[in-house]
file input06.txt (compact mmCIF, C-alpha atoms and all ligand atoms)
# COMPACT_ATOMS: atom_id res chain seq x y z
CA MET A 1 27.03 -59.64 -54.15
CA LYS A 2 23.94 -57.92 -52.78
CA TYR A 3 25.60 -54.50 -52.28
CA THR A 4 27.77 -52.19 -54.34
CA PHE A 5 30.02 -49.52 -52.90
CA ASN A 6 31.62 -46.48 -54.49
CA LEU A 7 35.39 -46.61 -54.67
CA GLN A 8 37.79 -43.69 -54.42
CA LEU A 9 41.38 -44.88 -54.54
CA THR A 10 44.12 -42.99 -52.72
CA SER A 11 46.49 -40.93 -54.84
CA ASN A 12 49.13 -41.25 -52.09
CA PRO A 13 49.72 -44.94 -51.32
CA LYS A 14 51.81 -45.39 -48.17
CA THR A 15 54.98 -47.44 -47.85
CA LYS A 16 54.12 -50.81 -46.34
CA PRO A 17 55.89 -51.73 -43.11
CA ASP A 18 58.58 -54.39 -42.82
CA PRO A 19 56.52 -57.42 -41.61
CA SER A 20 59.19 -58.40 -39.10
CA THR A 21 58.65 -55.13 -37.20
CA LEU A 22 54.84 -55.28 -36.98
CA LYS A 23 53.25 -54.65 -33.60
CA PHE A 24 49.53 -54.77 -32.86
CA GLY A 25 47.34 -52.01 -34.26
CA LYS A 26 49.78 -49.19 -34.95
CA VAL A 27 49.85 -49.06 -38.76
CA PHE A 28 46.77 -48.63 -40.98
CA THR A 29 46.18 -49.47 -44.61
CA ASP A 30 45.56 -47.04 -47.47
CA HIS A 31 41.75 -47.15 -47.43
CA MET A 32 38.74 -47.30 -45.16
CA PHE A 33 35.07 -48.11 -45.57
CA ALA A 34 32.48 -45.50 -44.56
CA MET A 35 28.69 -45.52 -44.45
CA GLU A 36 26.04 -43.47 -42.66
CA TYR A 37 22.68 -44.13 -41.08
CA SER A 38 19.85 -41.71 -40.53
CA THR A 39 16.32 -42.36 -39.43
CA GLY A 40 14.08 -42.64 -42.48
CA LYS A 41 16.97 -43.25 -44.89
CA GLY A 42 18.51 -46.24 -43.14
CA TRP A 43 22.12 -47.24 -43.93
CA HIS A 44 23.31 -45.45 -47.06
CA ASP A 45 26.28 -44.21 -49.10
CA GLY A 46 28.59 -47.17 -48.48
CA ARG A 47 31.97 -46.31 -49.99
CA ILE A 48 35.67 -47.02 -49.88
CA VAL A 49 37.79 -43.91 -49.54
CA PRO A 50 41.42 -43.09 -48.67
CA TYR A 51 42.20 -43.69 -44.97
CA GLY A 52 42.23 -40.36 -43.17
CA PRO A 53 40.83 -38.11 -40.44
CA ILE A 54 37.09 -37.77 -39.93
CA GLU A 55 35.46 -34.53 -38.92
CA LEU A 56 33.09 -34.43 -35.92
CA GLU A 57 31.38 -31.50 -34.27
CA PRO A 58 32.23 -31.14 -30.56
CA SER A 59 28.56 -31.83 -29.83
CA SER A 60 28.69 -35.22 -31.59
CA SER A 61 26.80 -37.54 -29.27
CA VAL A 62 29.38 -40.33 -29.20
CA LEU A 63 31.88 -37.98 -27.55
CA HIS A 64 29.51 -37.52 -24.62
CA TYR A 65 27.62 -40.73 -23.89
CA SER A 66 29.64 -43.32 -25.80
CA GLN A 67 26.79 -44.79 -27.83
CA GLN A 68 29.08 -46.89 -29.98
CA MET A 69 30.32 -50.42 -30.66
CA PHE A 70 33.19 -52.17 -32.42
CA GLU A 71 34.17 -55.54 -33.83
CA GLY A 72 37.47 -57.25 -34.55
CA LEU A 73 38.37 -60.02 -36.99
CA LYS A 74 41.29 -60.99 -39.17
CA ALA A 75 42.14 -61.74 -42.80
CA TYR A 76 44.95 -64.10 -43.77
CA ARG A 77 46.81 -64.79 -47.00
CA THR A 78 47.37 -68.51 -47.61
CA ALA A 79 50.56 -70.00 -49.06
CA ASP A 80 48.73 -70.50 -52.39
CA GLY A 81 47.63 -66.85 -52.46
CA ARG A 82 43.99 -67.06 -51.31
CA ILE A 83 42.56 -64.55 -48.83
CA LEU A 84 40.62 -66.00 -45.91
CA LEU A 85 38.38 -64.40 -43.29
CA PHE A 86 37.82 -66.35 -40.08
CA ARG A 87 34.11 -66.86 -39.27
CA PRO A 88 32.97 -63.33 -40.24
CA TYR A 89 29.27 -64.25 -39.90
CA LYS A 90 29.86 -64.86 -36.17
CA ASN A 91 31.03 -61.24 -35.90
CA ALA A 92 28.09 -60.13 -38.02
CA ALA A 93 25.63 -61.80 -35.64
CA ARG A 94 27.40 -60.28 -32.64
CA VAL A 95 27.20 -56.80 -34.21
CA ASN A 96 23.45 -57.00 -34.01
CA GLU A 97 23.41 -58.39 -30.46
CA THR A 98 25.59 -55.45 -29.43
CA ASN A 99 23.55 -52.96 -31.48
CA GLU A 100 20.31 -54.17 -29.91
CA ARG A 101 21.74 -53.54 -26.43
CA MET A 102 23.11 -50.12 -27.37
CA CYS A 103 20.03 -48.80 -29.25
CA ILE A 104 22.09 -48.74 -32.46
CA PRO A 105 20.18 -49.73 -35.62
CA GLN A 106 20.61 -53.26 -36.93
CA LEU A 107 23.08 -53.83 -39.76
CA ASP A 108 22.31 -56.50 -42.36
CA GLU A 109 24.79 -59.36 -41.82
CA GLU A 110 25.43 -59.58 -45.56
CA LEU A 111 26.19 -55.84 -45.66
CA PHE A 112 28.67 -56.28 -42.82
CA VAL A 113 30.50 -59.16 -44.52
CA GLU A 114 30.40 -57.59 -47.99
CA SER A 115 31.75 -54.28 -46.70
CA ILE A 116 34.69 -56.13 -45.12
CA LYS A 117 35.31 -58.18 -48.25
CA ALA A 118 35.25 -55.05 -50.42
CA LEU A 119 37.74 -53.16 -48.25
CA VAL A 120 40.10 -56.11 -47.79
CA SER A 121 40.07 -56.73 -51.56
CA VAL A 122 41.17 -53.14 -52.21
CA ASP A 123 43.92 -53.31 -49.56
CA LYS A 124 44.86 -56.96 -50.15
CA ASP A 125 48.52 -56.18 -50.70
CA TRP A 126 48.64 -55.08 -47.05
CA ILE A 127 47.98 -58.60 -45.72
CA PRO A 128 51.28 -59.73 -44.19
CA THR A 129 52.32 -63.37 -44.52
CA THR A 130 55.18 -63.91 -42.06
CA PRO A 131 54.33 -66.31 -39.19
CA GLY A 132 52.16 -64.77 -36.47
CA THR A 133 50.99 -61.87 -38.67
CA SER A 134 47.59 -61.05 -40.19
CA LEU A 135 45.43 -58.16 -41.30
CA TYR A 136 43.34 -57.04 -38.32
CA ILE A 137 39.98 -55.62 -39.38
CA ARG A 138 38.27 -53.14 -37.09
CA PRO A 139 34.65 -52.28 -37.97
CA PHE A 140 32.95 -49.78 -35.64
CA ILE A 141 29.72 -47.80 -35.40
CA PHE A 142 29.15 -44.61 -33.45
CA ALA A 143 26.30 -42.22 -32.75
CA ASN A 144 26.91 -38.94 -34.53
CA GLU A 145 24.14 -36.50 -33.84
CA ASN A 146 24.89 -32.95 -32.76
CA PHE A 147 22.88 -33.14 -29.59
CA VAL A 148 23.89 -33.37 -25.94
CA GLY A 149 20.57 -34.59 -24.57
CA VAL A 150 20.62 -38.18 -23.38
CA ALA A 151 18.68 -40.24 -25.93
CA PRO A 152 19.44 -42.80 -28.64
CA ALA A 153 20.81 -40.96 -31.68
CA LYS A 154 19.07 -40.82 -35.03
CA LYS A 155 22.32 -40.68 -36.99
CA PHE A 156 25.25 -43.10 -36.98
CA ASN A 157 28.52 -43.66 -38.81
CA TYR A 158 29.82 -47.12 -39.73
CA ILE A 159 33.54 -47.26 -40.52
CA ILE A 160 36.01 -50.07 -41.12
CA ILE A 161 39.77 -49.67 -40.86
CA CYS A 162 42.45 -52.32 -41.30
CA SER A 163 45.82 -52.79 -39.68
CA PRO A 164 48.57 -55.25 -40.63
CA VAL A 165 49.49 -56.76 -37.26
CA GLY A 166 52.16 -58.85 -35.66
CA PRO A 167 51.61 -61.01 -32.58
CA TYR A 168 49.44 -59.32 -29.91
CA TYR A 169 52.10 -60.08 -27.32
CA ASP A 170 55.64 -59.23 -28.24
CA THR A 171 57.41 -62.60 -28.39
CA PRO A 172 60.48 -63.57 -30.38
CA GLY A 173 59.36 -65.33 -33.57
CA GLY A 174 55.68 -64.79 -32.77
CA GLY A 175 55.55 -67.82 -30.47
CA LEU A 176 53.25 -68.14 -27.49
CA LEU A 177 54.24 -66.49 -24.24
CA ALA A 178 52.91 -67.54 -20.83
CA ALA A 179 51.30 -64.54 -19.14
CA SER A 180 51.12 -63.63 -15.46
CA ILE A 181 47.62 -62.84 -14.25
CA TYR A 182 46.45 -60.86 -11.23
CA VAL A 183 43.16 -61.95 -9.66
CA GLU A 184 41.22 -58.69 -9.38
CA GLU A 185 38.91 -58.55 -6.34
CA GLU A 186 38.25 -54.80 -6.15
CA TYR A 187 37.20 -53.64 -9.63
CA VAL A 188 34.67 -55.50 -11.78
CA ARG A 189 34.31 -55.66 -15.55
CA ALA A 190 30.58 -56.33 -15.94
CA ALA A 191 27.46 -56.87 -13.87
CA ALA A 192 24.34 -58.85 -14.77
CA GLY A 193 22.05 -56.60 -16.82
CA GLY A 194 24.96 -54.43 -17.95
CA THR A 195 26.86 -54.45 -21.25
CA GLY A 196 29.40 -57.21 -20.55
CA TYR A 197 28.24 -59.36 -23.48
CA ALA A 198 28.30 -56.46 -25.93
CA LYS A 199 31.41 -55.29 -27.76
CA VAL A 200 31.38 -51.67 -26.64
CA GLY A 201 34.30 -49.37 -25.93
CA GLY A 202 33.02 -48.53 -22.44
CA ASN A 203 33.71 -52.08 -21.25
CA TYR A 204 37.35 -51.61 -22.21
CA ALA A 205 37.67 -48.06 -20.83
CA GLY A 206 36.28 -49.21 -17.49
CA ALA A 207 38.80 -52.06 -17.37
CA MET A 208 41.93 -49.95 -17.82
CA LYS A 209 42.21 -49.00 -14.15
CA ALA A 210 42.51 -52.65 -13.10
CA GLN A 211 44.95 -53.34 -15.95
CA GLU A 212 47.10 -50.46 -14.72
CA LYS A 213 46.98 -51.85 -11.18
CA ALA A 214 47.99 -55.33 -12.40
CA ALA A 215 50.90 -53.85 -14.36
CA LYS A 216 52.14 -52.02 -11.24
CA LEU A 217 52.14 -55.39 -9.46
CA GLY A 218 54.23 -56.87 -12.27
CA CYS A 219 51.40 -58.81 -13.93
CA ASP A 220 50.38 -58.82 -17.60
CA GLN A 221 46.59 -59.02 -17.25
CA VAL A 222 43.79 -59.32 -14.73
CA LEU A 223 41.45 -62.21 -14.06
CA TRP A 224 38.00 -60.71 -13.63
CA LEU A 225 35.61 -62.10 -11.03
CA ASP A 226 31.83 -61.80 -11.07
CA ALA A 227 30.39 -58.48 -9.88
CA ALA A 228 27.85 -59.85 -7.38
CA GLN A 229 30.05 -62.05 -5.20
CA HIS A 230 33.59 -61.46 -6.42
CA SER A 231 33.94 -65.26 -6.37
CA TYR A 232 33.49 -66.71 -9.85
CA VAL A 233 36.04 -66.44 -12.64
CA GLU A 234 34.82 -64.56 -15.72
CA GLU A 235 37.38 -63.23 -18.23
CA ILE A 236 41.11 -62.58 -18.48
CA GLY A 237 41.97 -59.07 -19.66
CA THR A 238 40.04 -58.56 -22.90
CA SER A 239 39.73 -62.31 -23.53
CA ASN A 240 37.66 -65.33 -22.52
CA ALA A 241 39.19 -67.65 -19.91
CA PHE A 242 39.54 -71.46 -19.85
CA PHE A 243 40.69 -73.68 -16.95
CA MET A 244 41.77 -77.30 -17.33
CA ILE A 245 41.15 -79.13 -14.07
CA GLY A 246 41.71 -82.88 -14.20
CA ASN A 247 40.28 -83.94 -17.54
CA GLU A 248 37.70 -81.18 -17.65
CA VAL A 249 38.10 -77.86 -19.49
CA ILE A 250 35.89 -75.21 -17.90
CA THR A 251 34.85 -71.79 -19.17
CA ALA A 252 32.35 -69.28 -17.81
CA PRO A 253 28.81 -69.59 -19.22
CA LEU A 254 27.29 -66.83 -21.37
CA LEU A 255 24.93 -65.33 -18.80
CA GLY A 256 25.20 -61.71 -19.93
CA THR A 257 28.51 -60.64 -18.40
CA ILE A 258 30.82 -62.55 -20.74
CA LEU A 259 31.74 -61.55 -24.29
CA PRO A 260 30.65 -64.37 -26.66
CA GLY A 261 34.07 -64.64 -28.27
CA VAL A 262 34.47 -66.16 -31.73
CA THR A 263 37.71 -67.82 -30.62
CA ARG A 264 35.93 -69.01 -27.44
CA ALA A 265 33.25 -70.71 -29.55
CA SER A 266 35.90 -72.17 -31.87
CA VAL A 267 37.88 -73.61 -28.93
CA ILE A 268 34.72 -75.21 -27.50
CA GLU A 269 33.79 -76.72 -30.89
CA LEU A 270 37.33 -78.04 -31.49
CA LEU A 271 37.60 -79.57 -28.01
CA GLN A 272 34.22 -81.25 -28.51
CA LYS A 273 35.44 -82.62 -31.84
CA TRP A 274 38.58 -83.93 -30.15
CA GLY A 275 36.49 -85.66 -27.48
CA VAL A 276 37.75 -83.40 -24.68
CA ASN A 277 35.27 -82.82 -21.86
CA VAL A 278 34.60 -79.05 -22.19
CA VAL A 279 31.93 -77.46 -20.01
CA GLU A 280 30.44 -73.99 -19.66
CA ARG A 281 29.79 -73.49 -15.97
CA ARG A 282 30.52 -71.15 -13.12
CA LEU A 283 33.85 -71.81 -11.43
CA ALA A 284 34.85 -70.22 -8.13
CA ILE A 285 38.38 -68.84 -7.78
CA ALA A 286 38.50 -70.81 -4.50
CA ASP A 287 38.05 -74.02 -6.53
CA VAL A 288 40.80 -72.99 -8.96
CA LEU A 289 43.19 -72.51 -6.03
CA LYS A 290 42.06 -75.78 -4.43
CA ALA A 291 42.77 -77.57 -7.72
CA HIS A 292 46.22 -75.97 -7.78
CA GLU A 293 46.86 -77.29 -4.29
CA ASP A 294 45.80 -80.86 -5.05
CA GLY A 295 47.66 -80.87 -8.37
CA SER A 296 44.60 -81.18 -10.64
CA LEU A 297 44.89 -77.67 -12.16
CA LYS A 298 46.68 -78.44 -15.42
CA GLU A 299 46.34 -75.31 -17.56
CA ILE A 300 44.79 -71.89 -17.78
CA PHE A 301 44.57 -70.00 -21.06
CA SER A 302 42.63 -67.14 -22.56
CA THR A 303 41.17 -66.83 -26.04
CA GLY A 304 40.53 -63.83 -28.30
CA THR A 305 40.79 -62.66 -31.88
CA ALA A 306 43.86 -60.57 -31.25
CA ALA A 307 46.07 -63.14 -29.50
CA VAL A 308 44.18 -66.34 -30.50
CA ILE A 309 45.36 -68.37 -27.45
CA SER A 310 47.30 -66.91 -24.49
CA PRO A 311 48.60 -69.42 -21.99
CA VAL A 312 48.81 -68.41 -18.33
CA GLY A 313 52.05 -69.26 -16.52
CA LYS A 314 51.36 -67.61 -13.21
CA LEU A 315 48.35 -66.51 -11.18
CA GLN A 316 48.70 -63.95 -8.43
CA PHE A 317 45.99 -64.07 -5.75
CA ARG A 318 46.43 -61.36 -3.10
CA ASP A 319 50.10 -61.73 -2.10
CA THR A 320 50.59 -65.29 -3.24
CA GLU A 321 51.90 -66.45 -6.61
CA PHE A 322 50.73 -69.74 -8.05
CA ILE A 323 52.71 -71.28 -10.89
CA ILE A 324 50.42 -72.94 -13.41
CA GLY A 325 51.71 -76.22 -14.89
CA ASN A 326 55.42 -75.73 -15.45
CA GLY A 327 54.97 -71.97 -15.71
CA GLY A 328 55.30 -72.05 -19.50
CA VAL A 329 53.05 -72.87 -22.44
CA GLY A 330 50.68 -75.77 -21.67
CA GLU A 331 50.25 -78.68 -24.05
CA LEU A 332 46.57 -78.03 -24.77
CA SER A 333 47.17 -74.28 -25.26
CA GLN A 334 49.89 -75.00 -27.81
CA LYS A 335 47.77 -77.61 -29.61
CA LEU A 336 44.76 -75.27 -29.81
CA TYR A 337 46.89 -72.37 -31.04
CA SER A 338 48.56 -74.45 -33.76
CA GLU A 339 45.25 -75.90 -34.93
CA ILE A 340 43.30 -72.62 -34.98
CA TYR A 341 46.12 -70.58 -36.54
CA GLY A 342 46.64 -73.42 -39.05
CA LEU A 343 42.95 -73.33 -40.03
CA GLN A 344 42.95 -69.52 -40.20
CA THR A 345 45.95 -69.38 -42.51
CA GLY A 346 44.88 -72.32 -44.70
CA ARG A 347 47.91 -74.39 -43.64
CA ILE A 348 45.42 -76.93 -42.28
CA GLU A 349 42.55 -77.88 -44.58
CA ASP A 350 39.35 -76.28 -43.24
CA TYR A 351 37.53 -79.38 -41.98
CA MET A 352 35.44 -77.13 -39.66
CA ASN A 353 34.13 -74.98 -42.53
CA TRP A 354 35.10 -71.81 -40.65
CA THR A 355 36.90 -69.73 -43.25
CA VAL A 356 35.31 -67.52 -45.90
CA GLU A 357 37.36 -66.86 -48.99
CA ILE A 358 37.38 -63.37 -50.51
C1 LIG B 1 40.60 -59.55 -28.81
O1 LIG B 1 40.45 -59.55 -30.01
O2 LIG B 1 41.05 -60.52 -28.22
C2 LIG B 1 40.27 -58.38 -28.04
O3 LIG B 1 39.20 -58.27 -27.54
C3 LIG B 1 41.32 -57.35 -27.93
C4 LIG B 1 41.03 -56.19 -28.82
C5 LIG B 1 40.06 -55.27 -28.17
C6 LIG B 1 42.31 -55.50 -29.19
call {"tool": "encode", "arguments": {"input": "input06.txt", "output": "C-alpha cells", "more": "lines below"}}
Ligand code: COI
result
Amino acid sequence: MKYTFNLQLTSNPKTKPDPSTLKFGKVFTDHMFAMEYSTGKGWHDGRIVPYGPIELEPSSSVLHYSQQMFEGLKAYRTADGRILLFRPYKNAARVNETNERMCIPQLDEELFVESIKALVSVDKDWIPTTPGTSLYIRPFIFANENFVGVAPAKKFNYIIICSPVGPYYDTPGGGLLAASIYVEEEYVRAAAGGTGYAKVGGNYAGAMKAQEKAAKLGCDQVLWLDAAQHSYVEEIGTSNAFFMIGNEVITAPLLGTILPGVTRASVIELLQKWGVNVVERRLAIADVLKAHEDGSLKEIFSTGTAAVISPVGKLQFRDTEFIIGNGGVGELSQKLYSEIYGLQTGRIEDYMNWTVEI
C-alpha cells in the first residue's frame, strides 16, 4: 500500500436491503471516501467517513459549468468469500484521459485503486451475492471553487460512493432481456473534438432528451449515429454497441466520440481469444438494415459496466420495426454475458487475469 487514509466509522449503521429487491443505484452503503485537491497542495486528506450530505456554496463552480467527471466499476464476492474488482486499472487510466480533457488534475492510478479498495474493505458486508447482483462503485471528481468566472478550477473534490445493485434492467431472476432500440437521427451524443470519449456527466445530461423521445415511442434505448453525417452507428444508450453480421462482429472505432468501455475492451479481447472475427470499424446504419434484409444480421448487443451485456431484440428505424434474430437473447450475447459475469464473480477461473482481489 502506497497510501494511508484516515477512517471515521459511522455510529449509525444502516439496515442492509433484502438482496432480492435490489434495483440499480438507489441504496448506498454506510461510508464514502473523500479527498480534496488544491493548487500547490495537490490531492490531500484522503479519508473514509460516514456516507452523508456534502455542503457546497451556491457559487461552487461545478454547479455552473459542470467541470466534473465520474467512473463506474463493480466489486463481487466469490463463493469462497474473496472480494474481486473487475479491471480497476482500466478505469484508473480512463480517469486520467477524462481529466486531461476536462482540465481536472491527474490522479495517481495507484491512489485511485487504493482508495476504492479501502472503501470497499470497510463496507464489504454490503456486497450482495445473489445472482445478478454486485456492489457498484461510483468514484467522481468535481470542481469546487467559489467562482463563477469561466476558467478551470483550482480546487476539486474526489468522492467515492458505493451502491449494492441488482440487474440494471429489471428482469425476473436477473436474466438477460432483449431491448428495443430507436435509431436516433435528430439528436446526437458526441461530435469529433467534443467530450464523447470522456466519462463526464454532460454527455449523459445531453442524451436524456433522446432517451425520453425513445421511451415515448415505446423503445428502451436509442442507437446514436455520428454527428457529422447521421449515418454511422456509434453507441446504444449509455453503452457501446456491437453488430454481428455474417461471421463478423463489428463495433465503432475509438475516434474520439465513443466511450472506451471496459466491458467493450473485454468483449473484444474475449472474442479474439475465441477466434471470432471482431473488427473496430465504421458501420453505416444503411448497411445494418441491408444485412437485416439479406438475413446476415445475426445479433446486436450493447456492453457496459452496469448491464454487462444487453441484447437487442428490436430496432426501430423511422416508422419501421426490425426484429433482430428471433427477437430474444442471441447466442453470442448469452455466451459473452455468462463468461464475463462468471469471470467477474470468480465462478470461472480468471484465465484472462482481469480481476484484482481486495
Ligand atoms: C454503464 O456502466 O454501462 C453506464 O455507463 C451506465 C451508468 C452511467 C449508470
call {"tool": "atom_distance", "arguments": {"input": "input06.txt", "atom1": "atom CA of A:Pro19", "atom2": "atom CA of A:Glu71"}}
result
23.7 Å
call {"tool": "residues_near_ligand", "arguments": {"input": "input06.txt", "ligand": "ligand LIG 1 (chain B)", "cutoff": "12 Å", "atoms": "all atoms listed in the file", "output": "VMD selection string"}}
result
chain A and resid 23 to 26 69 to 74 91 136 to 140 163 165 167 to 169 197 to 205 207 to 208 235 to 241 258 to 264 302 to 310
call {"tool": "atom_distance", "arguments": {"input": "input06.txt", "atom1": "atom CA of A:Trp126", "atom2": "atom CA of A:Gln8"}}
result
17.4 Å
call {"tool": "residues_near_point", "arguments": {"input": "input06.txt", "point": "(20.7, -40.7, -41.9)", "cutoff": "10 Å", "atoms": "only C-alpha atoms", "output": "PyMOL selection string"}}
result
chain A and resi 35-45+144-145+154-157
call {"tool": "closest_residue", "arguments": {"input": "input06.txt", "among": "A:Ile300, A:Leu315, A:Leu84, A:Ala75", "to": "A:Ile250", "atoms": "only C-alpha atoms"}}
result
A:Ile300
call {"tool": "closest_residue", "arguments": {"input": "input06.txt", "among": "A:Asn146, A:Thr133, A:Ser115, A:Gln106", "to": "A:Ile159", "atoms": "only C-alpha atoms"}}
result
A:Ser115
call {"tool": "residues_around", "arguments": {"input": "input06.txt", "residues": "stretch 245-249 of chain A", "least_positions_apart": "2", "cutoff": "6 Å", "atoms": "all atoms listed in the file", "output": "count of residues only"}}
result
6
call {"tool": "axis_aligned_box", "arguments": {"input": "input06.txt", "around": "stretch 108-115 of chain A", "padding_each_side": "4 Å", "output": "JSON"}}
result
{"center_x": 27.0, "center_y": -56.9, "center_z": -44.9, "size_x": 17.4, "size_y": 13.3, "size_z": 14.2}
